[in-house]
Amino acid sequence: MEEEQKIKASDELSKLIERVKAAQKIYATYSQEQVDKIFQAAAIAANKARIPLAKEAVEETGMGVLEDKVIKNHFAAEYIYNTYRDTKTCGVIERDDDMGYERIAEPLGVLAGIIPTTNPTATAIFKSLLALKTRNGIIFSPHPRAKKCTIHAAQIVLDAAVEAGAPKDIIAWIEEPSIQLSSQLMKSCDCILATGGPGMVTSAYSSGKPAIGVGPGNAPTIIDSTADVKMAVSSIIHSKTFDNGMICASEQSVIALSDIYDAVKAEFIYRGAHFLTKDELNKVRKTIIINGGTNAKVVGQKPVTIAKMAGFDVPEDTKLLIGEVEKVDISEEFAHEKLCPVLAMYKAESFEEALNKADTLVRDGGFGHTADLYADEILAKDHIDEFADRMKACRILINTPSALGGIGDLYNFRIKPSLTLGCGSWGGNSVSENVGVQQLLNIKTVAKRRENMLWFRTPSKIFFKPGCLSKALEELKTVYDRKRVLVITDKFLYESGFSRKVTDTLDKLGIQTEVFSDVAPDPTLACAEEGANLCKSYKPDAIIALGGGSPMDAAKIMWVLYEHPEVDFSDMAMDFMDIRKRVVTFPKMGSKAMLICVPTTAGTGSEVTPFAIITDQRDGTKYPITDYELLPNMAIIDSDLMLTIPKGLTRASGIDALTHCIEAYASMYATSFTDALAKEAISEIFAYLPRAYKNLGNDPVAREHMAHAATLAGMAFANAFLGIDHSCGHKLGAYHHLPHGVCVSLMLDEVMKFNAGERPTKMGTFPQYQYPHTLRRYAEIAEMLGLTGKTDEEKFKKLLKKIDELKSEIELPMTIKEAGVEESKFLTTLDEMSEAAFNDQCTGTNPRYPLISEIKELYLKAYYGEKEYAKKLAK
């Protein structure tokens, strides 16, 4: 009976292979334009499914960290698409008529995609996209312990590809994988893309068919005497804890020079690592390696779990288990590849000794894979050169988290992004580089850490001072020669005659005007579409947004839909990790109309930012949309327009401006340019917000200062971006209908305490951000405000107290509970709200990358207050 089932399964696979081959023959005739359309559609679909696929992978395999798998899935879709979006893969890809030279691209045929249990969904996305871009078919052989999530990932990509025009059988998979069927697939395909354990890769290379496989990693990391110890240790922890150490490029051993060894050890301890005692070391040796190979039970597990398996306990928040050892040959268990957060640490008396140790570790366990060095690029150039020359590894990383640096395009932008890392002939592989659309030679790459190019962007003109409105509007006639203006505002400003301050001035200038006044708080996509339809018939050459954040947000979306009616809203709203690498390119703005923003409140800063928040009325989802094409052309800050702001709006918008400043100052994208603006605005807000709140329109000086502070804050966060205070605030407002400013105020204290942690669970991923230092940044704000203390902790506590005093002075609630949110409703929505906040666009630039569980705890603390929450936990 069992033999009959095997024969049946084999026959079914043979038929499947024939169907994919037939589909691939058709796909091989497609043009570059057709392929690129399919490639983009598949990347978008995979990108949107990154969180559910991550959940499925963790649930099915019991390995890794959900939030890190989200990053892997996001990376596999966004970064792969961004790298190869413009790569020619069809027909003639290079031609030199003068030399009579051309290169023509042809697909290989049908690929066998071997998928590991350690990285089941991201690898499936990655290989599917490569196959689609190169006009190959692909059949997946999932790992039996990860088959459901792997197949689901492949199905999502296939469905999107087919909808975009690909043949229906271009991607396929083995439903019930087995060694027999995997072997049959490898022998029947045209080429094998193999990612998995040594046995699987060996089987691929011995199948008789071309194979692109990768070897094991055993990356050593040398910390030179010239290294920045804080950056080195934080980078190693960031890398080695990513997905609980399952990326093959992650560090396995640290070799520190003797003169800095104690400092390195102390920094590891400070950041949460546990150094094993002699007894614990022996116990872990027996736990991580069994019969010469990695114990499958420790793969992708937390340090606390591994310690318990070994028979001892460590604190729950332990980052790494570190064993201080001496032997570097394979007789030492800690010298092996360890697919978990366990690290070996060696002392070297000289750089030459460190090189010798690293060389042995690479040759014995990770030949050809990855090696890492932390050293000053100027002072230790000779050491960098020696390291690059000596290491037989295809990825030579300098000052870079190995796991995240090895996969490419995150810490050095010339390494191609990939989830299959070749080891060259040294590792018995056919490729030496990160696997992509083209594989030719063994290439040795030296990648030095580099920082992103940053920018400072504002509207081309900003007018300010009381009464400046009419004079500023004259430029529409005298400078820009505009003839038809659409004013976008809300009903209150229109019906109260407030909008006539704009339209009357324009009438005197001979400029024709039309008013759209149906913008409600939390403007919807339907509202934006209605405004865009008016634009289509009226054909304005300038759009003026008059009001608070809602009219300005609505105007930005109307502007986009007017200029580019072909744009898909869900594409514009797609989240990105890096604004320069987003899957969907934002359309170029300004061909039909310019945008002028005239705020009547002091808080949102939208008049000088590239951000807009729009609500999908179909399901209530709020989408923060971000792109510098949305930056207004002109901003007019006339504080006379703000004299009638009521108390509630004064305090909500004022505290919103303060959170903009604090988050911009703490952001990973913060620069000297944004710091100066944020600090000045913070000073103004503390000085003038209480006056503006108490005196309202009777204090025009306070109104003017708050107007300027809000715009300064806007320019700061327009370039530095925000963080999880706004992520949490966006969702709290969406789920419980509180004013936005109140929401970010309620979350501010707990978020600041969270970000100030010197041993975060996860630090943010951005090359400018070298190690956790947000506590110091908060202390700088305190110092600027004249707050003193012996330590940064003391200054930080005083800053929190001063913020709370400001909140109290302007009569803001101190907890979500106090704000009137019912406990039962809050708790019912908590899980969904926490995940939505995690997925908010503002989360990406927060200096501390949060787990969903940590966001949930922040919400609970903000709801009850820290003391009441502590009492609840104690019960």
# chains A, B, ... in the order shown; residues from 1 in each chain; ligands from 1
>>> closest_atom_pairs(of="region 88-124 of chain A", to="region 62-78 of chain A", cutoff="9 Å", atoms="only C-alpha atoms", output="CSV")
residue,atom,partner,partner_atom,distance
A:Thr117,CA,A:Met63,CA,8.6
A:Thr118,CA,A:Met63,CA,7.1
A:Asn119,CA,A:Lys69,CA,8.1
A:Thr121,CA,A:Asn73,CA,6.8
A:Ala122,CA,A:Asn73,CA,4.6
A:Thr123,CA,A:Ala76,CA,7.4
A:Ala124,CA,A:Ala76,CA,8.9
>>> write_last_selection(atoms="N, CA and C atoms", output="PDB file, in the first residue's frame")
ATOM      1  N   THR A 117      13.478  25.211   6.693  1.00  0.00           N
ATOM      2  CA  THR A 117      12.519  25.461   7.773  1.00  0.00           C
ATOM      3  C   THR A 117      12.854  26.725   8.544  1.00  0.00           C
ATOM      4  N   THR A 118      14.128  27.160   8.478  1.00  0.00           N
ATOM      5  CA  THR A 118      14.532  28.348   9.225  1.00  0.00           C
ATOM      6  C   THR A 118      14.030  29.640   8.598  1.00  0.00           C
ATOM      7  N   ASN A 119      13.723  29.626   7.331  1.00  0.00           N
ATOM      8  CA  ASN A 119      13.364  30.857   6.630  1.00  0.00           C
ATOM      9  C   ASN A 119      12.346  30.538   5.538  1.00  0.00           C
ATOM     10  N   THR A 121       9.064  31.460   4.539  1.00  0.00           N
ATOM     11  CA  THR A 121       8.232  32.344   3.707  1.00  0.00           C
ATOM     12  C   THR A 121       9.051  33.356   2.925  1.00  0.00           C
ATOM     13  N   ALA A 122      10.041  33.977   3.573  1.00  0.00           N
ATOM     14  CA  ALA A 122      10.852  34.981   2.873  1.00  0.00           C
ATOM     15  C   ALA A 122      11.636  34.358   1.723  1.00  0.00           C
ATOM     16  N   THR A 123      12.169  33.142   1.933  1.00  0.00           N
ATOM     17  CA  THR A 123      12.925  32.481   0.862  1.00  0.00           C
ATOM     18  C   THR A 123      12.002  32.127  -0.310  1.00  0.00           C
ATOM     19  N   ALA A 124      10.788  31.709  -0.005  1.00  0.00           N
ATOM     20  CA  ALA A 124       9.827  31.406  -1.070  1.00  0.00           C
ATOM     21  C   ALA A 124       9.496  32.664  -1.871  1.00  0.00           C
TER      22      ALA A 124
END
>>> residues_around(residues="Asp575 (chain A)", least_positions_apart="2", cutoff="9 Å", atoms="only C-alpha atoms", output="list in words")
Asn47, Lys48, Asp571, Met572, Ala573, Met577, Ile579, Arg582, Pro624, Ile625, Thr626, Asn839, Asp840 and Gln841 of chain A
>>> atom_distance(atom1="CA of Asp616 (chain A)", atom2="CA of Met558 (chain A)")
14.1 Å
>>> atom_distance(atom1="CA of Gly510 (chain A)", atom2="CA of Ala472 (chain A)")
15.2 Å
>>> select_by_dssp(residues="region 738-784 of chain A", states="alpha helix (DSSP H)", output="PyMOL selection string")
chain A and resi 740-755+774-784
